[in-house]
Each structure stands twice: as C-alpha cells, then as structure tokens.
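Asks: So that you have it, the file is final35.csv, and it contains CSV, C-alpha atoms and all ligand atoms:
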```csv
chain,number,residue,atom,x,y,z
A,1,MET,CA,18.5,39.4,42.2
A,2,TRP,CA,15.5,37.0,42.1
A,3,SER,CA,17.6,34.1,43.4
A,4,ARG,CA,18.7,35.6,46.7
A,5,ASN,CA,16.6,36.1,49.8
A,6,ASP,CA,16.7,35.6,53.6
A,7,LEU,CA,16.3,31.9,53.2
A,8,THR,CA,19.1,31.4,50.7
A,9,ARG,CA,21.3,33.6,52.9
A,10,ARG,CA,20.5,31.6,56.0
A,11,LEU,CA,21.0,28.3,54.3
A,12,ARG,CA,24.1,29.6,52.6
A,13,ILE,CA,23.0,28.4,49.2
A,14,ASP,CA,23.4,30.1,45.8
A,15,TRP,CA,20.0,29.1,44.3
A,16,PRO,CA,16.5,28.8,45.9
A,17,VAL,CA,16.3,25.2,45.1
A,18,LEU,CA,16.2,22.3,47.6
A,19,GLN,CA,16.5,18.7,46.3
A,20,ALA,CA,13.8,16.8,48.2
A,21,PRO,CA,14.7,14.0,50.4
A,22,MET,CA,13.5,10.8,48.8
A,23,ALA,CA,13.7,7.7,51.0
A,24,GLY,CA,15.2,4.7,49.1
A,25,VAL,CA,16.0,6.9,46.0
A,26,SER,CA,18.1,10.0,47.0
A,27,THR,CA,21.7,8.8,47.5
A,28,PRO,CA,24.4,10.7,49.4
A,29,ALA,CA,26.0,11.3,46.0
A,30,LEU,CA,22.8,13.1,44.8
A,31,ALA,CA,22.6,15.3,47.9
A,32,ALA,CA,26.3,16.2,47.6
A,33,SER,CA,26.0,17.0,43.8
A,34,VAL,CA,23.1,19.4,44.4
A,35,SER,CA,24.8,21.1,47.3
A,36,GLU,CA,28.1,21.4,45.5
A,37,ALA,CA,26.2,23.0,42.6
A,38,GLY,CA,24.8,25.7,44.9
A,39,GLY,CA,21.4,24.2,45.8
A,40,LEU,CA,20.5,22.4,49.0
A,41,GLY,CA,20.9,18.6,48.8
A,42,SER,CA,18.9,16.4,51.2
A,43,PHE,CA,19.7,13.0,52.6
A,44,ALA,CA,16.6,10.9,53.3
A,45,ALA,CA,17.3,9.3,56.7
A,46,GLY,CA,13.7,8.4,57.6
A,47,ALA,CA,14.0,4.7,57.3
A,48,LEU,CA,17.7,4.3,58.2
A,49,SER,CA,19.4,2.9,61.3
A,50,ALA,CA,21.6,5.3,63.3
A,51,GLU,CA,24.7,3.8,61.8
A,52,ALA,CA,23.4,4.2,58.2
A,53,VAL,CA,22.5,7.8,59.0
A,54,ARG,CA,26.1,8.4,60.2
A,55,GLU,CA,27.6,6.7,57.1
A,56,GLY,CA,25.4,8.7,54.7
A,57,ILE,CA,26.3,12.0,56.3
A,58,ARG,CA,30.0,11.2,56.2
A,59,ALA,CA,29.7,10.2,52.6
A,60,ILE,CA,28.1,13.6,51.7
A,61,ARG,CA,30.9,15.4,53.6
A,62,VAL,CA,33.6,13.5,51.7
A,63,ALA,CA,32.0,14.9,48.5
A,64,THR,CA,31.2,18.5,49.5
A,65,SER,CA,31.9,21.0,52.2
A,66,ARG,CA,28.6,22.9,51.4
A,67,PRO,CA,25.4,22.8,53.5
A,68,PHE,CA,22.9,19.9,53.1
A,69,ALA,CA,19.8,18.7,54.9
A,70,VAL,CA,19.1,15.4,56.7
A,71,ASN,CA,15.4,14.4,56.7
A,72,PHE,CA,13.5,12.3,59.3
A,73,PHE,CA,10.1,10.7,59.6
A,74,VAL,CA,8.4,11.9,62.8
A,75,PRO,CA,7.0,8.7,64.3
A,76,SER,CA,3.3,8.8,63.4
A,77,GLY,CA,2.0,5.2,63.4
A,78,PRO,CA,1.3,2.7,66.2
A,79,ASP,CA,4.3,1.8,68.3
A,80,THR,CA,3.5,-1.8,68.5
A,81,PRO,CA,3.5,-4.3,65.6
A,82,PRO,CA,0.1,-5.4,64.3
A,83,GLY,CA,-1.7,-8.4,65.9
A,84,ALA,CA,-1.6,-11.8,64.3
A,85,GLU,CA,-5.0,-11.5,62.6
A,86,ALA,CA,-4.2,-8.1,60.9
A,87,PHE,CA,-0.8,-9.4,59.9
A,88,ALA,CA,-2.3,-12.6,58.3
A,89,ALA,CA,-4.9,-10.6,56.3
A,90,ALA,CA,-2.3,-8.1,55.0
A,91,ALA,CA,0.2,-11.0,54.2
A,92,GLU,CA,-2.6,-12.8,52.3
A,93,ALA,CA,-3.2,-9.7,50.2
A,94,VAL,CA,0.5,-9.5,49.0
A,95,ARG,CA,0.9,-13.3,48.7
A,96,PRO,CA,0.2,-13.6,44.9
A,97,PHE,CA,2.8,-10.9,44.2
A,98,ARG,CA,5.3,-12.6,46.4
A,99,GLU,CA,4.8,-15.9,44.7
A,100,GLU,CA,5.3,-14.2,41.3
A,101,LEU,CA,8.7,-13.1,42.5
A,102,ARG,CA,9.4,-16.5,44.1
A,103,LEU,CA,9.4,-15.1,47.6
A,104,GLY,CA,8.3,-17.2,50.5
A,105,PRO,CA,5.7,-16.1,53.0
A,106,ALA,CA,6.0,-12.6,54.4
A,107,ALA,CA,7.8,-12.2,57.8
A,108,THR,CA,6.3,-10.1,60.6
A,109,PRO,CA,7.6,-6.6,60.0
A,110,SER,CA,10.0,-5.3,62.6
A,111,PRO,CA,9.6,-1.9,64.2
A,112,PRO,CA,11.3,1.1,62.5
A,113,PRO,CA,14.7,2.3,63.7
A,114,PRO,CA,14.3,4.4,66.9
A,115,PHE,CA,13.8,8.0,66.1
A,116,GLU,CA,15.8,9.3,69.0
A,117,ASP,CA,18.9,7.2,67.9
A,118,GLN,CA,18.6,8.6,64.3
A,119,LEU,CA,18.5,12.2,65.7
A,120,GLU,CA,21.5,11.5,68.0
A,121,ALA,CA,23.4,10.3,65.0
A,122,ALA,CA,22.6,13.6,63.1
A,123,LEU,CA,23.5,15.7,66.1
A,124,SER,CA,26.8,13.9,66.6
A,125,GLU,CA,27.7,14.6,63.0
A,126,ASP,CA,26.9,18.3,63.5
A,127,VAL,CA,24.5,18.6,60.5
A,128,PRO,CA,23.6,22.1,59.3
A,129,VAL,CA,19.9,21.5,58.4
A,130,VAL,CA,17.3,18.9,59.6
A,131,SER,CA,13.9,18.5,57.9
A,132,PHE,CA,10.9,16.6,59.2
A,133,THR,CA,7.9,15.1,57.6
A,134,PHE,CA,4.7,13.5,59.1
A,135,GLY,CA,4.4,16.0,61.9
A,136,LEU,CA,6.6,17.6,64.5
A,137,PRO,CA,8.9,16.0,67.1
A,138,PRO,CA,8.5,16.7,70.8
A,139,ALA,CA,9.5,20.3,71.8
A,140,ALA,CA,12.5,19.0,73.8
A,141,ILE,CA,14.0,17.4,70.7
A,142,LEU,CA,13.4,20.6,68.6
A,143,GLU,CA,15.0,22.7,71.4
A,144,ARG,CA,18.1,20.4,71.5
A,145,LEU,CA,18.5,20.7,67.7
A,146,ARG,CA,18.1,24.5,67.9
A,147,ARG,CA,20.6,24.8,70.7
A,148,ALA,CA,23.1,22.9,68.5
A,149,GLY,CA,22.6,25.6,65.8
A,150,VAL,CA,20.7,23.3,63.4
A,151,PHE,CA,18.3,25.0,60.8
A,152,LEU,CA,14.9,23.4,61.2
A,153,LEU,CA,12.5,22.7,58.3
A,154,GLY,CA,9.0,21.3,58.9
A,155,THR,CA,6.5,20.0,56.3
A,156,ALA,CA,2.9,21.2,56.0
A,157,THR,CA,0.0,20.3,53.7
A,158,THR,CA,-2.4,22.8,55.1
A,159,PRO,CA,-2.1,26.4,56.5
A,160,ALA,CA,-3.0,25.1,60.0
A,161,GLU,CA,-0.1,22.7,59.9
A,162,ALA,CA,2.2,25.4,58.6
A,163,ALA,CA,1.2,27.6,61.6
A,164,ALA,CA,2.0,24.6,63.9
A,165,VAL,CA,5.4,24.3,62.3
A,166,GLU,CA,6.0,28.0,62.9
A,167,ALA,CA,4.7,27.9,66.5
A,168,ALA,CA,7.1,25.0,67.2
A,169,GLY,CA,10.0,27.2,66.3
A,170,CYS,CA,11.0,25.8,62.9
A,171,ASP,CA,13.0,28.2,60.7
A,172,ALA,CA,11.1,27.5,57.5
A,173,VAL,CA,8.2,25.4,56.3
A,174,VAL,CA,7.9,23.2,53.2
A,175,ALA,CA,4.3,23.6,51.8
A,176,GLN,CA,3.7,20.3,50.1
A,177,GLY,CA,0.9,20.5,47.5
A,178,ALA,CA,-1.2,17.6,46.3
A,179,GLU,CA,0.8,17.1,43.1
A,180,ALA,CA,3.9,16.0,45.1
A,181,GLY,CA,5.4,12.6,44.5
A,182,GLY,CA,5.9,10.4,47.6
A,183,HIS,CA,4.1,10.4,50.9
A,184,ARG,CA,1.8,13.1,52.0
A,185,GLY,CA,3.8,14.9,54.7
A,186,GLY,CA,0.9,16.2,56.8
A,187,PHE,CA,0.2,15.6,60.4
A,188,PRO,CA,-1.6,12.4,61.0
A,189,VAL,CA,-5.1,12.4,62.4
A,190,ALA,CA,-6.3,8.8,62.6
A,191,GLY,CA,-9.1,8.0,60.1
A,192,ASP,CA,-8.9,11.4,58.3
A,193,PRO,CA,-8.1,11.4,54.6
A,194,PRO,CA,-4.8,13.3,53.8
A,195,ALA,CA,-5.1,17.0,52.8
A,196,LEU,CA,-4.9,17.4,49.1
A,197,ILE,CA,-4.6,21.2,48.4
A,198,GLY,CA,-2.8,21.9,45.1
A,199,THR,CA,0.5,23.7,45.2
A,200,LEU,CA,-0.9,26.8,43.4
A,201,ALA,CA,-3.5,27.2,46.1
A,202,LEU,CA,-1.5,26.0,49.1
A,203,VAL,CA,1.6,28.2,48.7
A,204,PRO,CA,-0.1,31.6,48.9
A,205,ARG,CA,-2.4,30.4,51.7
A,206,VAL,CA,0.7,29.4,53.7
A,207,VAL,CA,2.6,32.5,52.8
A,208,ASP,CA,-0.4,34.5,54.2
A,209,ARG,CA,-0.5,32.4,57.3
A,210,VAL,CA,3.1,32.4,58.6
A,211,ARG,CA,6.0,34.7,58.9
A,212,ILE,CA,8.8,32.2,58.4
A,213,PRO,CA,10.0,31.5,54.8
A,214,VAL,CA,7.9,29.1,52.7
A,215,VAL,CA,9.4,26.4,50.5
A,216,ALA,CA,7.0,25.3,47.7
A,217,ALA,CA,6.9,21.5,46.9
A,218,GLY,CA,4.8,19.5,44.5
A,219,GLY,CA,4.7,19.3,40.7
A,220,ILE,CA,7.8,21.6,40.2
A,221,THR,CA,10.1,19.9,37.7
A,222,ASP,CA,11.3,22.8,35.5
A,223,GLY,CA,12.0,26.5,35.5
A,224,ARG,CA,8.4,27.5,34.9
A,225,GLY,CA,7.4,25.9,38.1
A,226,VAL,CA,10.2,27.5,40.0
A,227,ALA,CA,9.2,31.0,38.7
A,228,ALA,CA,5.6,30.3,39.5
A,229,ALA,CA,6.4,29.3,43.1
A,230,LEU,CA,8.5,32.4,43.6
A,231,ALA,CA,5.6,34.5,42.2
A,232,LEU,CA,3.3,32.9,44.8
A,233,GLY,CA,5.5,34.2,47.6
A,234,ALA,CA,7.7,31.1,48.2
A,235,SER,CA,11.3,31.8,49.1
A,236,ALA,CA,12.5,28.5,47.5
A,237,VAL,CA,11.3,25.3,45.9
A,238,GLN,CA,11.8,21.7,47.0
A,239,CYS,CA,11.9,19.3,44.0
A,240,GLY,CA,11.9,15.6,44.2
A,241,SER,CA,10.7,14.1,40.9
A,242,ALA,CA,12.9,16.4,38.9
A,243,PHE,CA,15.9,14.5,40.2
A,244,LEU,CA,14.5,11.0,40.0
A,245,ALA,CA,15.9,10.0,36.6
A,246,CYS,CA,19.3,11.8,37.0
A,247,ALA,CA,22.6,10.0,37.1
A,248,GLU,CA,23.0,10.1,40.9
A,249,SER,CA,19.5,8.9,41.6
A,250,GLY,CA,19.2,5.5,43.3
A,251,ALA,CA,16.0,4.7,41.4
A,252,PRO,CA,16.3,1.3,39.6
A,253,PRO,CA,16.3,1.4,35.8
A,254,ALA,CA,12.7,0.3,35.4
A,255,TYR,CA,11.6,3.1,37.7
A,256,ARG,CA,13.7,5.7,35.9
A,257,GLU,CA,12.4,4.7,32.5
A,258,THR,CA,8.8,4.8,33.7
A,259,VAL,CA,9.0,8.3,35.2
A,260,ALA,CA,11.1,9.7,32.3
A,261,ALA,CA,8.6,8.5,29.7
A,262,VAL,CA,6.2,11.1,28.3
A,263,ASP,CA,2.9,11.1,30.3
A,264,ASP,CA,-0.1,12.3,28.5
A,265,GLY,CA,-2.6,11.4,31.3
A,266,ASP,CA,-2.2,11.1,35.0
A,267,ARG,CA,-0.2,8.0,35.6
A,268,THR,CA,-0.2,8.7,39.3
A,269,THR,CA,-2.5,7.9,42.1
A,270,LEU,CA,-2.5,8.1,45.9
A,271,THR,CA,-2.0,4.7,47.4
A,272,ASP,CA,-1.3,3.2,50.8
A,273,ALA,CA,-0.6,-0.2,49.3
A,274,PHE,CA,3.2,-0.1,49.7
A,275,SER,CA,3.6,1.6,53.0
A,276,GLY,CA,0.3,2.0,54.9
A,277,ARG,CA,0.4,5.7,54.4
A,278,ALA,CA,-1.0,7.7,51.5
A,279,ALA,CA,1.7,8.4,48.9
A,280,ARG,CA,1.6,9.6,45.2
A,281,GLY,CA,3.2,7.2,42.7
A,282,VAL,CA,2.6,5.3,39.5
A,283,ARG,CA,-0.6,3.3,39.4
A,284,ASN,CA,0.8,-0.1,38.6
A,285,ARG,CA,-0.3,-3.7,38.9
A,286,PHE,CA,0.5,-3.9,42.6
A,287,VAL,CA,-1.3,-0.7,43.5
A,288,ALA,CA,-4.4,-1.9,41.5
A,289,GLY,CA,-4.2,-5.3,43.0
A,290,LEU,CA,-4.2,-4.1,46.6
A,291,ALA,CA,-7.1,-1.6,46.2
A,292,GLY,CA,-9.6,-2.4,48.9
A,293,ARG,CA,-7.5,-5.1,50.4
A,294,PRO,CA,-6.2,-5.1,54.0
A,295,VAL,CA,-3.1,-3.0,54.6
A,296,LEU,CA,-1.1,-2.6,57.8
A,297,PRO,CA,-0.7,0.9,59.3
A,298,PHE,CA,2.5,2.8,58.4
A,299,PRO,CA,5.4,1.9,58.9
A,300,PHE,CA,4.5,-1.8,59.2
A,301,GLN,CA,3.1,-2.2,55.7
A,302,ASN,CA,6.4,-0.6,54.5
A,303,GLY,CA,8.2,-3.4,56.4
A,304,LEU,CA,5.9,-6.0,55.0
A,305,THR,CA,6.6,-5.0,51.4
A,306,ARG,CA,10.3,-4.2,51.8
A,307,ASP,CA,11.7,-7.5,50.4
A,308,LEU,CA,9.0,-7.6,47.7
A,309,ARG,CA,10.0,-4.1,46.4
A,310,ALA,CA,13.7,-5.1,46.5
A,311,ALA,CA,12.9,-8.3,44.5
A,312,ALA,CA,10.9,-6.3,42.0
A,313,ALA,CA,13.8,-3.9,41.5
A,314,ARG,CA,16.2,-6.9,41.0
A,315,ALA,CA,13.7,-8.4,38.5
A,316,GLY,CA,13.2,-5.0,36.7
A,317,ASP,CA,9.5,-5.4,37.1
A,318,PRO,CA,7.8,-1.9,37.1
A,319,GLY,CA,4.5,-3.6,37.9
A,320,LEU,CA,5.5,-4.4,41.4
A,321,LEU,CA,7.9,-1.6,42.3
A,322,SER,CA,6.9,1.4,44.3
A,323,MET,CA,7.5,4.3,41.9
A,324,TRP,CA,6.8,7.6,43.8
A,325,VAL,CA,6.5,10.5,41.4
A,326,GLY,CA,4.6,13.8,41.2
A,327,GLN,CA,2.2,15.1,38.6
A,328,GLY,CA,4.6,17.6,37.1
A,329,PRO,CA,6.2,17.4,33.6
A,330,SER,CA,8.3,14.2,33.3
A,331,PRO,CA,11.9,14.6,34.6
A,332,ARG,CA,14.8,14.5,32.2
A,333,ALA,CA,16.8,11.3,32.1
A,334,GLY,CA,20.5,10.7,32.0
A,335,THR,CA,21.8,14.1,33.0
A,336,GLY,CA,23.7,14.7,36.3
A,337,ALA,CA,22.0,16.4,39.3
A,338,ALA,CA,24.1,19.6,38.8
A,339,GLU,CA,22.7,19.9,35.3
A,340,VAL,CA,19.1,19.3,36.5
A,341,LEU,CA,19.7,22.1,39.0
A,342,ALA,CA,21.3,24.4,36.4
A,343,SER,CA,18.4,23.8,34.1
A,344,LEU,CA,15.8,24.7,36.8
A,345,VAL,CA,17.7,27.9,37.5
A,346,ARG,CA,18.2,28.8,33.8
A,347,GLY,CA,14.6,28.1,33.1
A,348,ALA,CA,13.3,30.2,36.0
A,349,ALA,CA,15.6,33.1,35.0
A,350,ALA,CA,14.3,33.0,31.4
A,351,VAL,CA,10.7,33.0,32.5
A,352,LEU,CA,11.1,35.8,35.0
A,353,ASP,CA,13.0,37.8,32.4
A,354,ALA,CA,10.3,37.3,29.8
A,355,LEU,CA,7.6,38.2,32.3
A,356,SER,CA,9.4,41.5,33.2
A,357,ARG,CA,9.4,42.7,29.6
A,358,PRO,CA,6.3,44.6,28.8
A,359,GLY,CA,4.2,43.0,26.0
A,360,ASP,CA,6.4,40.0,25.7
A,361,CYS,CA,5.6,37.1,28.0
A,362,SER,CA,5.1,34.4,25.3
B,401,LIG,C1,10.6,9.0,45.4
B,401,LIG,C2,10.2,10.0,46.5
B,401,LIG,C3,10.5,9.8,47.8
B,401,LIG,C4,10.2,10.7,48.8
B,401,LIG,N1,10.6,10.5,50.1
B,401,LIG,C5,10.5,11.5,51.0
B,401,LIG,C6,11.1,11.4,52.2
B,401,LIG,O1,11.8,10.4,52.6
B,401,LIG,N2,11.0,12.4,53.1
B,401,LIG,C7,10.2,13.6,52.8
B,401,LIG,O2,10.1,14.5,53.6
B,401,LIG,N3,9.6,13.7,51.6
B,401,LIG,C8,9.8,12.7,50.7
B,401,LIG,N4,9.2,12.8,49.4
B,401,LIG,C9,8.4,14.0,49.1
B,401,LIG,C10,9.3,15.2,48.7
B,401,LIG,O3,9.9,15.7,49.9
B,401,LIG,C11,8.5,16.3,48.0
B,401,LIG,O4,7.4,16.7,48.8
B,401,LIG,C12,8.0,15.9,46.6
B,401,LIG,O5,9.0,15.2,45.9
B,401,LIG,C13,7.7,17.2,45.9
B,401,LIG,O6,7.0,16.9,44.7
B,401,LIG,P1,7.6,16.5,43.3
B,401,LIG,O7,8.1,15.1,43.4
B,401,LIG,O8,6.5,16.7,42.3
B,401,LIG,O9,8.8,17.5,43.1
B,401,LIG,C14,9.5,11.9,48.4
B,401,LIG,C15,9.2,12.1,47.1
B,401,LIG,C16,9.5,11.2,46.1
B,401,LIG,C17,9.2,11.5,44.7
```
Please go through the file and, once you have read it, give me the structure as structure tokens.
Replies:
Amino acid sequence: MWSRNDLTRRLRIDWPVLQAPMAGVSTPALAASVSEAGGLGSFAAGALSAEAVREGIRAIRVATSRPFAVNFFVPSGPDTPPGAEAFAAAAEAVRPFREELRLGPAATPSPPPPFEDQLEAALSEDVPVVSFTFGLPPAAILERLRRAGVFLLGTATTPAEAAAVEAAGCDAVVAQGAEAGGHRGGFPVAGDPPALIGTLALVPRVVDRVRIPVVAAGGITDGRGVAAALALGASAVQCGSAFLACAESGAPPAYRETVAAVDDGDRTTLTDAFSGRAARGVRNRFVAGLAGRPVLPFPFQNGLTRDLRAAAARAGDPGLLSMWVGQGPSPRAGTGAAEVLASLVRGAAAVLDALSRPGDCS
C-alpha cells in the first residue's frame, strides 16, 4: 500500500501527510482535525509562552487522542535586544505604516519566550512528536526528549543540514524546498543568504544523503504533489499552504481570500521585512515599502511588527498583513481540514494509480 511505510507506522498515522506547523495561523483545532482524520497535525509553539504551549497541547488533547506534533523555533538570533540606534532606524522604517493604522510609536521589542521553558512545557504534557526549525537544539535537550520517548523531527534546506539532523539523532528530517511558504527553516550562518533549493531537487538529494525518513515540504498543495514527493523517495509530505484557507485555519479573512484567489504569476517573494528572517509570502505594500530599509534581526523585527500585523488583521488590510504562502497551486477555501487531507490522499491515489497503468498516464 503506497500510503504505509516505516515513518507512518512509527508516527502511528494512516496517511503520509503532516500538516505543517504555522505560527500565528495553525490553531489547536486545525492540528486536532488533521490528526483525527489520520494525518499528523502540528501545533506551532515557536512564538508562544510556556503557559500558551501547555494550553494549546491540552486543547488538542480534548479534541483527539491521536498523535500530533509540537513545533519550536531553535533560538537563532542575537540574545540581547538591539541597541537604541538600530531600533530607532527600524522603527522609523515602519512608522508610516503604523500611522496608517493609527498606531503610536513602536515599543522596544521584548525578547522571545525562553526556549527551555517552552520545551519543559511540552515535556510535562508528554507530547508524542516534537519538530524543530532554524537549526538544532543542544545535544542535552535532544537527549532529554529522546529519553522521554519523543519522536524528533528536524528541518533541513540542504543535504548538509539534513546530515546534521541525522547525526544529532533525530528520527526523521523535513526537507524544505525553496517553494515553501513561511520562514526558511535552515541553519543560520550570519550574513549568508538562505539556501533556496527547489523541492524537486532537494528531496532526492536528501534521500541520497541520509538513512532516516525524509518528509518533503514546499509547494505541495494537492495529490499530484504528494505523489511526486513519494516518487522522489520521501516517506511523507508536510503541507502548510494547503491548509491556510480551510475552516480551522486561524488566518484572518483578508489573508484567506488572498491566498485562495487564482494566482497566474508568482505573487510571493522572500522577505525579512516582517520578522528579520527570510520568509516566503505575498509581496504586498508593506514588503515593497520595507525593501532596502533597516530591519532588526530575528526575532526582534517580529516583535517590532507584532502589533502592526494584529492591527492590519483587525482592519482587514491585506497590504500590511504578513501573508506567508508557498508557490504551489492555490489552496481550496472553505472546506474543513479533514476534507483537505482526504483530497490530498484521494488525489495522490488517483495519480499513482494512473501512473501504474501502462500507456495511460494522462
Ligand atoms: C503561514 C505559515 C507559517 C509557518 N510557520 C512555521 C512554523 O511556525 N514552524 C515551522 O517549522 N515551519 C513553519 N512554516 C513552514 C512550514 O513548516 C512548511 O515548510 C511550508 O508550509 C511548506 O510549504 P507549503 O506552504 O508550500 O506547503 C510556515 C509556513 C506557513 C505557510
């Protein structure tokens, strides 16, 4: 059966489909619906306090008894907040947009929630799967999670990063291609541009490089993409954009409408304007306006724009919202997450069936 392999058995899922963690967008209800329907739902805990991590995990558990993943950002930026001069320059760059939304001057962004506290929260809630992006945590943390029986998923954007994920003892690796919506999940090397290898090229390179199962991510929004990823040697896919416009998504209406609309060009671009770290999203007025302007390093730029993004969502202004989305076919709006998952699975089955019939792969 095409849908069963070592990874699906170890994760105890029916279908080789993981819903990507999507900070600010993927709700506990979304993760629970996907897991309940036989995929692996993910809860994006990267930007949350330990208390919010606990609450989210408990909310998922109320809705499903099936496995799910909790995702964290490995600390990758400077520990200390930016100096006054850097802050003033970045604040000046966002000032006109804040004024449009009738927001006062930007406040100095506070440091992100402590990583160790977030992980303690996940450990105390006995979560089955933890995924990381932006690198690897210290070995002692990975060891602790492993001893607690947690299945570990790392993210890689190059074969070398995938090898590091394997060497650190992770159970599987997400190979994130350049098409992917959201932040580039690679390991930060100060000053270097992010790796941008397309999914079609990256997945077989990673499959050739590591022995652990590979999960393909980036541009996969329908069954054709799922079938292609499996053909490249992936054991599963991780889809984010496919779930953005579904009923359980936390994306505001203006965001859902934008990403569900037909896209005949490439509406996306890589930008660090919202967060200080390269991410793929819709090229809107804010992104264009901040091109070449001073931006704080991640996660402080994220903190600097937080209230602006929230105000833009309240105002329904797609010009000022961060709208992360990948380059794949537009996701379907209005359906529930279980139906999105079922359609990915049905589509993949149909493609694989057609390809297996001699002379009929139209
Ligand atoms: C709105 C959005 C938010 C994201 N947030 C996260 C996150 O919090 N953690 C993470 O590991 N990946 C995050 N990603 C990246 C996804 O894990 C995944 O790589 C990506 O969605 C795959 O590409 P696709 O969107 O074309 O399916 C996000 C992606 C999107 C679209």
Asks: Enumerate as a list of chain:residue names the residues within 6 Å of ligand LIG 401 (chain B), counting all atoms listed in the file.
Replies: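 The residues within 6 Å of ligand LIG 401 (chain B), counting all atoms listed in the file, are A:Ala20, A:Pro21, A:Met22, A:Ala23, A:Val25, A:Ala44, A:Gly46, A:Thr133, A:Gln176, A:Glu179, A:Ala180, A:Gly181, A:Gly182, A:His183, A:Ala217, A:Gly218, A:Gly219, A:Ile220, A:Cys239, A:Gly240, A:Ser241, A:Ala242, A:Trp324, A:Val325, A:Gly326, A:Gln327, A:Gly328.
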Asks: Filtering to C-alpha atoms, could you give me those residues as a PDB file, in the frame of the given file?
Replies:
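Saved the output as out-v2.pdb:
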```
ATOM      1  CA  ALA A  20      13.800  16.800  48.200  1.00  0.00           C
ATOM      2  CA  PRO A  21      14.700  14.000  50.400  1.00  0.00           C
ATOM      3  CA  MET A  22      13.500  10.800  48.800  1.00  0.00           C
ATOM      4  CA  ALA A  23      13.700   7.700  51.000  1.00  0.00           C
ATOM      5  CA  VAL A  25      16.000   6.900  46.000  1.00  0.00           C
ATOM      6  CA  ALA A  44      16.600  10.900  53.300  1.00  0.00           C
ATOM      7  CA  GLY A  46      13.700   8.400  57.600  1.00  0.00           C
ATOM      8  CA  THR A 133       7.900  15.100  57.600  1.00  0.00           C
ATOM      9  CA  GLN A 176       3.700  20.300  50.100  1.00  0.00           C
ATOM     10  CA  GLU A 179       0.800  17.100  43.100  1.00  0.00           C
ATOM     11  CA  ALA A 180       3.900  16.000  45.100  1.00  0.00           C
ATOM     12  CA  GLY A 181       5.400  12.600  44.500  1.00  0.00           C
ATOM     13  CA  GLY A 182       5.900  10.400  47.600  1.00  0.00           C
ATOM     14  CA  HIS A 183       4.100  10.400  50.900  1.00  0.00           C
ATOM     15  CA  ALA A 217       6.900  21.500  46.900  1.00  0.00           C
ATOM     16  CA  GLY A 218       4.800  19.500  44.500  1.00  0.00           C
ATOM     17  CA  GLY A 219       4.700  19.300  40.700  1.00  0.00           C
ATOM     18  CA  ILE A 220       7.800  21.600  40.200  1.00  0.00           C
ATOM     19  CA  CYS A 239      11.900  19.300  44.000  1.00  0.00           C
ATOM     20  CA  GLY A 240      11.900  15.600  44.200  1.00  0.00           C
ATOM     21  CA  SER A 241      10.700  14.100  40.900  1.00  0.00           C
ATOM     22  CA  ALA A 242      12.900  16.400  38.900  1.00  0.00           C
ATOM     23  CA  TRP A 324       6.800   7.600  43.800  1.00  0.00           C
ATOM     24  CA  VAL A 325       6.500  10.500  41.400  1.00  0.00           C
ATOM     25  CA  GLY A 326       4.600  13.800  41.200  1.00  0.00           C
ATOM     26  CA  GLN A 327       2.200  15.100  38.600  1.00  0.00           C
ATOM     27  CA  GLY A 328       4.600  17.600  37.100  1.00  0.00           C
TER      28      GLY A 328
END
```
Asks: Would you compute the distance between CA of Cys170 (chain A) and CA of Ala121 (chain A)? Give it in Å to one decimal.
Replies: 20.0 Å
Asks: Would you mind telling me which residue in A:Val206, A:Leu11, A:Ala337, A:Leu344 lies nearest to Asp222 (chain A) when using only C-alpha atoms?
Replies: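 Nearest to Asp222 (chain A): A:Leu344.
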Asks: Between A:Ser65, A:Pro213, A:Ser330, A:Arg144, which is the closest to Ala236 (chain A) once you count all atoms listed in the file?
Replies: A:Pro213
Asks: Between A:Leu341, A:Ala229, A:Ala254, A:Ala216, which is the closest to Arg314 (chain A) once you count all atoms listed in the file?
Replies: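 Ranking A:Leu341, A:Ala229, A:Ala254, A:Ala216 by distance to Arg314 (chain A), first place goes to A:Ala254.
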Asks: Please list as a compact mmCIF listing (two decimals) with C-alpha atoms, in the coordinates of the input every residue within 10 Å of Ala310 (chain A), counting only C-alpha atoms and excluding residues in the same chain fewer than 6 positions away.
Replies:
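Okay, around-v1.txt is ready:
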```txt
# COMPACT_ATOMS: atom_id res chain seq x y z
CA PRO A 252 16.30 1.30 39.60
CA GLY A 316 13.20 -5.00 36.70
CA LEU A 320 5.50 -4.40 41.40
CA LEU A 321 7.90 -1.60 42.30
CA SER A 322 6.90 1.40 44.30
```
Asks: With the cut-off set at 12 Å and counting all atoms listed in the file, tabulate each residue of region 276-322 of chain A with an atom at most that distance from an atom of region 255-269 of chain A, showing the nearest atom pair and its distance in Å to one decimal, ordered by chain and increasing number, as a Markdown table.
Replies:
```
| residue | atom | partner | partner_atom | distance |
| --- | --- | --- | --- | --- |
| A:Ala278 | CA | A:Thr269 | CA | 9.5 |
| A:Ala279 | CA | A:Thr269 | CA | 8.0 |
| A:Arg280 | CA | A:Thr269 | CA | 5.4 |
| A:Gly281 | CA | A:Thr268 | CA | 5.0 |
| A:Val282 | CA | A:Thr268 | CA | 4.4 |
| A:Arg283 | CA | A:Thr268 | CA | 5.4 |
| A:Asn284 | CA | A:Arg267 | CA | 8.7 |
| A:Val287 | CA | A:Thr269 | CA | 8.8 |
| A:Ala288 | CA | A:Thr269 | CA | 10.0 |
| A:Ala291 | CA | A:Thr269 | CA | 11.3 |
| A:Arg309 | CA | A:Tyr255 | CA | 11.4 |
| A:Ala312 | CA | A:Tyr255 | CA | 10.4 |
| A:Ala313 | CA | A:Tyr255 | CA | 8.3 |
| A:Arg314 | CA | A:Tyr255 | CA | 11.5 |
| A:Ala315 | CA | A:Tyr255 | CA | 11.7 |
| A:Gly316 | CA | A:Tyr255 | CA | 8.3 |
| A:Asp317 | CA | A:Tyr255 | CA | 8.8 |
| A:Pro318 | CA | A:Tyr255 | CA | 6.3 |
| A:Gly319 | CA | A:Tyr255 | CA | 9.8 |
| A:Leu320 | CA | A:Tyr255 | CA | 10.4 |
| A:Leu321 | CA | A:Tyr255 | CA | 7.5 |
| A:Ser322 | CA | A:Tyr255 | CA | 8.3 |
```
Asks: Just how far from CA of Gly39 (chain A) is CA of Ser3 (chain A), in Å to one decimal?
Replies: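 Computing the Euclidean distance for CA of Ser3 (chain A) and CA of Gly39 (chain A) yields 10.9 Å.
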Asks: Near region 158-166 of chain A, within 12 Å and counting only C-alpha atoms, which residues show up once chain neighbours fewer than 2 positions away are dropped, as number ranges by chain?
Replies: A: 131-139, 142, 152-156, 168-178, 184-189, 194-199, 201-216
Asks: Do you know which residues are at most 9 Å from Ala349 (chain A) counting only C-alpha atoms, after dropping those on the same chain fewer than 2 positions away, and could you put them as a PyMOL selection string?
Replies: chain A and resi 2-3+223+227+344-347+351-354
